[in-house]
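A.B. asks: Starting off with a structure, shown below.
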Amino acid sequence: MTSERLDFAKTLAIKAGDLGLTYFRRLDELTISAKGHQDLVSEADRDVETLVRDEIAKAYPTDGILGEEHGVVAGTSGYTWVIDPIDGTANFVTSIPQWCVVLSCVYEGQVILGVTHDPCHNETFWAAKGQGAFINGKPMKISDSESLANGSLGIGFNGRTRAEDANNCISALIDQGGVFFRNASGGLMLAYAASGRLIGYVESHMNAWDCLAGMLMVEEAGGKVEAYSADEALVKGTRVVVAGPGVYDAVREIAQKSFA
């Protein structure tokens with residue numbers, strides 16, 4: 001069933017991305033509102049999520065659904081789909097082409113598949129539990145860097161936790177000769193970590209729809225992921241620490257010292 005759902009998810013993420021792209025090309029017509037600090041929503045977010053929910057309901061009517069914009073629909077099959085229709089809305093609404101559609105599926109406490117589609121650059125990242133990680137059909141491999149000074153570390157920031165968390169990470173990383181990267185899309189940065197573009201990624205808190213797909217990709221690409229509970233993440237989110245094996249201990253130490 002995983003391969004069937006994976007094929008479905010890849011096709012759906014691209015379809016959702018195409019819809020998002022039509023909105024992105026006519027931003028002056030969008031209605032945009034603020035949910036909170038660093039947290040914007042547009043009609044594009046809502047409409048893309050509605051498309052995804054409708055497609056899932058048709059294909060898998062007994063599956064559960066959790067989405068950023070429209071909440072939870074309970075299922076009976078044991079499968080739960082997790083949706084971020086547009087991750088990087090702040091970029092989206094200001095014409096920055098760094099946003100993505102993120103889909104994942106959880107079954108019996110395990111993330112079994114994850115897809116991140118970047119329609120602006122026509123890149124689709126995906127992974128399935130035990131089956132590897134890929135970008136546009138080519139295998140992804142985590143960074144082989146063995147030094148924080150060799151490569152860039154993605155550092156996330158959100159309005160739900162202390163600003164000092166990110167500040168502390170950046171300061172500690174720079175003190176060790178490292179360079180930080182942030183593009184305001186945690187979903188994309190996790191995919192970049194899985195593909196070796198970044199040496200890792202840390203954030204003091206991420207919601208399930210932002211991070212479950214990317215953390216699976218990192219694992220399947222040969223990286224290390226700080227232990228977390230998928231079931232708990234569905235309810236309250238989780239801290240995220242991922243990196244290549246050569247720098248994971250150093251990255252985790254920075255997170256341990258920086259986050260409350």
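Chains: A, B, ... in order of the structure tokens. Residues: from 1 per chain. Ligands: from 1, in order shown.
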Per DSSP on the backbone, what are the alpha helix (DSSP H) residues of segment 14-158 of chain A, as number ranges by chain?
C.D. replies: A: 14-24, 43-59, 89-92
A.B. asks: Could you pull the residues within 10 Å of segment 127-137 of chain A, counting only C-alpha atoms, minus those fewer than 2 positions along the same chain, as a PyMOL selection string?
C.D. replies: chain A and resi 2-3+5-6+104-105+110-117+122-125+139-142+191+194-195+213-222
A.B. asks: For Gly20 of chain A, work out the shell of residues within 12 Å, counting only C-alpha atoms and skipping chain neighbours fewer than 4 positions away, then give it as a PyMOL selection string.
C.D. replies: chain A and resi 13-16+24-27+30+42-52+84-89+92-93+97+99-101+117-120
A.B. asks: Skip Glu146 of chain A itself and residues of its chain fewer than 4 positions away, then list as a PDB file with all heavy atoms, in the first residue's frame all residues within 10 Å of it, counting only C-alpha atoms.
C.D. replies:
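Full text of selection.pdb as output:
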```pdb
ATOM      1  N   ASN A 150      32.339  23.290   6.923  1.00  0.00           N
ATOM      2  CA  ASN A 150      32.278  22.820   5.544  1.00  0.00           C
ATOM      3  C   ASN A 150      30.819  22.614   5.137  1.00  0.00           C
ATOM      4  O   ASN A 150      30.267  21.536   5.281  1.00  0.00           O
ATOM      5  CB  ASN A 150      33.068  21.516   5.400  1.00  0.00           C
ATOM      6  CG  ASN A 150      33.050  20.994   3.978  1.00  0.00           C
ATOM      7  OD1 ASN A 150      32.861  21.762   3.035  1.00  0.00           O
ATOM      8  ND2 ASN A 150      33.232  19.695   3.818  1.00  0.00           N
ATOM      9  N   GLY A 151      30.195  23.700   4.673  1.00  0.00           N
ATOM     10  CA  GLY A 151      28.790  23.637   4.293  1.00  0.00           C
ATOM     11  C   GLY A 151      27.955  24.584   5.142  1.00  0.00           C
ATOM     12  O   GLY A 151      28.451  25.203   6.090  1.00  0.00           O
ATOM     13  N   ILE A 199      24.140  20.885   5.294  1.00  0.00           N
ATOM     14  CA  ILE A 199      24.724  19.819   6.110  1.00  0.00           C
ATOM     15  C   ILE A 199      23.757  19.354   7.195  1.00  0.00           C
ATOM     16  O   ILE A 199      23.958  18.315   7.819  1.00  0.00           O
ATOM     17  CB  ILE A 199      26.064  20.245   6.739  1.00  0.00           C
ATOM     18  CG1 ILE A 199      25.882  21.466   7.658  1.00  0.00           C
ATOM     19  CG2 ILE A 199      27.092  20.527   5.654  1.00  0.00           C
ATOM     20  CD1 ILE A 199      27.150  21.858   8.409  1.00  0.00           C
ATOM     21  N   GLY A 244      23.886  15.334   8.549  1.00  0.00           N
ATOM     22  CA  GLY A 244      24.690  14.221   8.077  1.00  0.00           C
ATOM     23  C   GLY A 244      25.435  13.589   9.231  1.00  0.00           C
ATOM     24  O   GLY A 244      25.725  14.258  10.237  1.00  0.00           O
ATOM     25  N   PRO A 245      25.776  12.299   9.140  1.00  0.00           N
ATOM     26  CA  PRO A 245      26.445  11.606  10.246  1.00  0.00           C
ATOM     27  C   PRO A 245      27.730  12.273  10.718  1.00  0.00           C
ATOM     28  O   PRO A 245      28.055  12.237  11.908  1.00  0.00           O
ATOM     29  CB  PRO A 245      26.741  10.217   9.663  1.00  0.00           C
ATOM     30  CG  PRO A 245      25.724  10.037   8.582  1.00  0.00           C
ATOM     31  CD  PRO A 245      25.514  11.401   7.993  1.00  0.00           C
ATOM     32  N   GLY A 246      28.448  12.909   9.797  1.00  0.00           N
ATOM     33  CA  GLY A 246      29.733  13.509  10.153  1.00  0.00           C
ATOM     34  C   GLY A 246      29.625  14.748  11.023  1.00  0.00           C
ATOM     35  O   GLY A 246      30.600  15.125  11.683  1.00  0.00           O
ATOM     36  N   VAL A 247      28.459  15.388  11.028  1.00  0.00           N
ATOM     37  CA  VAL A 247      28.314  16.624  11.818  1.00  0.00           C
ATOM     38  C   VAL A 247      27.140  16.551  12.796  1.00  0.00           C
ATOM     39  O   VAL A 247      26.900  17.504  13.538  1.00  0.00           O
ATOM     40  CB  VAL A 247      28.131  17.864  10.906  1.00  0.00           C
ATOM     41  CG1 VAL A 247      29.382  18.117  10.083  1.00  0.00           C
ATOM     42  CG2 VAL A 247      26.902  17.716  10.019  1.00  0.00           C
ATOM     43  N   TYR A 248      26.434  15.422  12.809  1.00  0.00           N
ATOM     44  CA  TYR A 248      25.217  15.363  13.622  1.00  0.00           C
ATOM     45  C   TYR A 248      25.477  15.665  15.088  1.00  0.00           C
ATOM     46  O   TYR A 248      24.731  16.439  15.711  1.00  0.00           O
ATOM     47  CB  TYR A 248      24.550  13.990  13.497  1.00  0.00           C
ATOM     48  CG  TYR A 248      23.345  13.850  14.406  1.00  0.00           C
ATOM     49  CD1 TYR A 248      22.127  14.425  14.061  1.00  0.00           C
ATOM     50  CD2 TYR A 248      23.439  13.188  15.634  1.00  0.00           C
ATOM     51  CE1 TYR A 248      21.018  14.342  14.900  1.00  0.00           C
ATOM     52  CE2 TYR A 248      22.345  13.098  16.477  1.00  0.00           C
ATOM     53  CZ  TYR A 248      21.144  13.670  16.106  1.00  0.00           C
ATOM     54  OH  TYR A 248      20.062  13.582  16.949  1.00  0.00           O
ATOM     55  N   ALA A 250      27.759  17.426  16.510  1.00  0.00           N
ATOM     56  CA  ALA A 250      28.055  18.851  16.703  1.00  0.00           C
ATOM     57  C   ALA A 250      26.797  19.694  16.539  1.00  0.00           C
ATOM     58  O   ALA A 250      26.571  20.654  17.292  1.00  0.00           O
ATOM     59  CB  ALA A 250      29.132  19.298  15.710  1.00  0.00           C
TER      60      ALA A 250
END
```
A.B. asks: Using only C-alpha atoms, which protein or nucleic acid residues come within 8 Å of Leu198 of chain A? Drop anything in the same chain fewer than 4 positions from it, and give the result as JSON, numbers by chain.
C.D. replies: {"A": [143, 151, 152, 153, 154, 189, 192, 193, 194]}
A.B. asks: Quick one: which segment 114-181 of chain A residues come within 10 Å of segment 206-211 of chain A, and what is the nearest atom pair for each with the distance in Å to one decimal, counting only C-alpha atoms, rows ordered by chain and ascending number, as a tab-separated table?
C.D. replies:
```
residue	atom	partner	partner_atom	distance
A:Gly114	CA	A:Cys211	CA	9.4
A:Thr116	CA	A:Asp210	CA	9.8
A:Gly156	CA	A:Met206	CA	8.8
A:Phe157	CA	A:Met206	CA	9.2
A:Asn158	CA	A:Met206	CA	8.1
A:Arg160	CA	A:Met206	CA	9.1
A:Thr161	CA	A:Met206	CA	9.9
```
A.B. asks: Those residues you just picked out, can you put them in a file as a compact mmCIF listing (two decimals), in the first residue's frame with N, CA, C and O atoms?
C.D. replies:
```txt
# COMPACT_ATOMS: atom_id res chain seq x y z
N GLY A 114 6.80 10.70 2.40
CA GLY A 114 6.83 12.15 2.42
C GLY A 114 7.16 12.69 1.05
O GLY A 114 8.01 12.12 0.34
N THR A 116 7.78 16.53 -1.00
CA THR A 116 7.88 17.99 -1.01
C THR A 116 8.07 18.42 -2.46
O THR A 116 9.04 18.01 -3.11
N GLY A 156 15.98 27.26 11.51
CA GLY A 156 14.61 27.75 11.40
C GLY A 156 14.25 28.71 12.52
O GLY A 156 14.86 28.71 13.59
N PHE A 157 13.25 29.54 12.23
CA PHE A 157 12.74 30.48 13.21
C PHE A 157 11.23 30.51 13.08
O PHE A 157 10.68 30.44 11.98
N ASN A 158 10.54 30.59 14.20
CA ASN A 158 9.08 30.64 14.17
C ASN A 158 8.59 31.60 15.25
O ASN A 158 9.35 32.01 16.12
N ARG A 160 6.43 30.86 17.56
CA ARG A 160 5.86 30.12 18.68
C ARG A 160 6.85 29.92 19.83
O ARG A 160 6.45 29.61 20.95
N THR A 161 8.13 30.03 19.54
CA THR A 161 9.15 29.81 20.55
C THR A 161 10.02 31.06 20.68
O THR A 161 9.89 32.01 19.92
```
A.B. asks: Could you name the residues that touch Arg252 of chain A at 8 Å or less, counting only C-alpha atoms, but leaving out those on the same chain fewer than 3 positions away, as an MDAnalysis selection string?
C.D. replies: chainID A and resid 226 241:242 248:249 255:256
A.B. asks: Produce a file of the selected residues containing N, CA and C atoms, as a CSV table (one decimal), in the first residue's frame.
C.D. replies:
```csv
chain,number,residue,atom,x,y,z
A,226,GLU,N,17.1,13.5,15.2
A,226,GLU,CA,16.9,13.3,16.7
A,226,GLU,C,15.5,12.6,16.9
A,241,VAL,N,16.0,18.3,14.8
A,241,VAL,CA,17.5,18.3,14.6
A,241,VAL,C,17.9,17.2,13.7
A,242,VAL,N,18.4,17.6,12.5
A,242,VAL,CA,18.8,16.6,11.5
A,242,VAL,C,20.1,17.0,10.9
A,248,TYR,N,26.4,15.4,12.8
A,248,TYR,CA,25.2,15.4,13.6
A,248,TYR,C,25.5,15.7,15.1
A,249,ASP,N,26.5,15.1,15.7
A,249,ASP,CA,26.8,15.3,17.1
A,249,ASP,C,27.0,16.8,17.4
A,255,ALA,N,22.1,22.6,19.3
A,255,ALA,CA,20.6,22.6,19.6
A,255,ALA,C,20.4,22.5,21.1
A,256,GLN,N,21.1,21.5,21.7
A,256,GLN,CA,20.9,21.3,23.1
A,256,GLN,C,21.2,22.5,23.9
```
A.B. asks: Go through A:Ala57, A:Ile170, A:Val106, A:Leu188 and flag the residue nearest Glu232 of chain A, using only C-alpha atoms for the distances.
C.D. replies: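 Among the listed residues, A:Val106 lies closest to Glu232 of chain A.
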A.B. asks: Got a sec: who's within 9 Å of Gly64 of chain A, counting only C-alpha atoms, leaving out chain neighbours fewer than 5 positions off, as number ranges by chain?
C.D. replies: A: 57, 72-82
A.B. asks: Just checking: using only C-alpha atoms, which residue out of A:Thr22, A:Gly186, A:Lys58, A:Gly177 ends up closest to Gln98 of chain A?
C.D. replies: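 Closest to Gln98 of chain A of all the choices is A:Gly186.
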A.B. asks: Among segment 84-247 of chain A, which ones does DSSP place in strand (DSSP E), written as a PyMOL selection string?
C.D. replies: chain A and resi 84-87+100-107+110-118+123-128+133-135+138-139+152-155+179-181+200-206+224-225+238-243
A.B. asks: Rank nothing, just name the residue among A:Gly109, A:Trp126, A:Cys169, A:Asp144 nearest to Ser229 of chain A, using only C-alpha atoms.
C.D. replies: A:Gly109
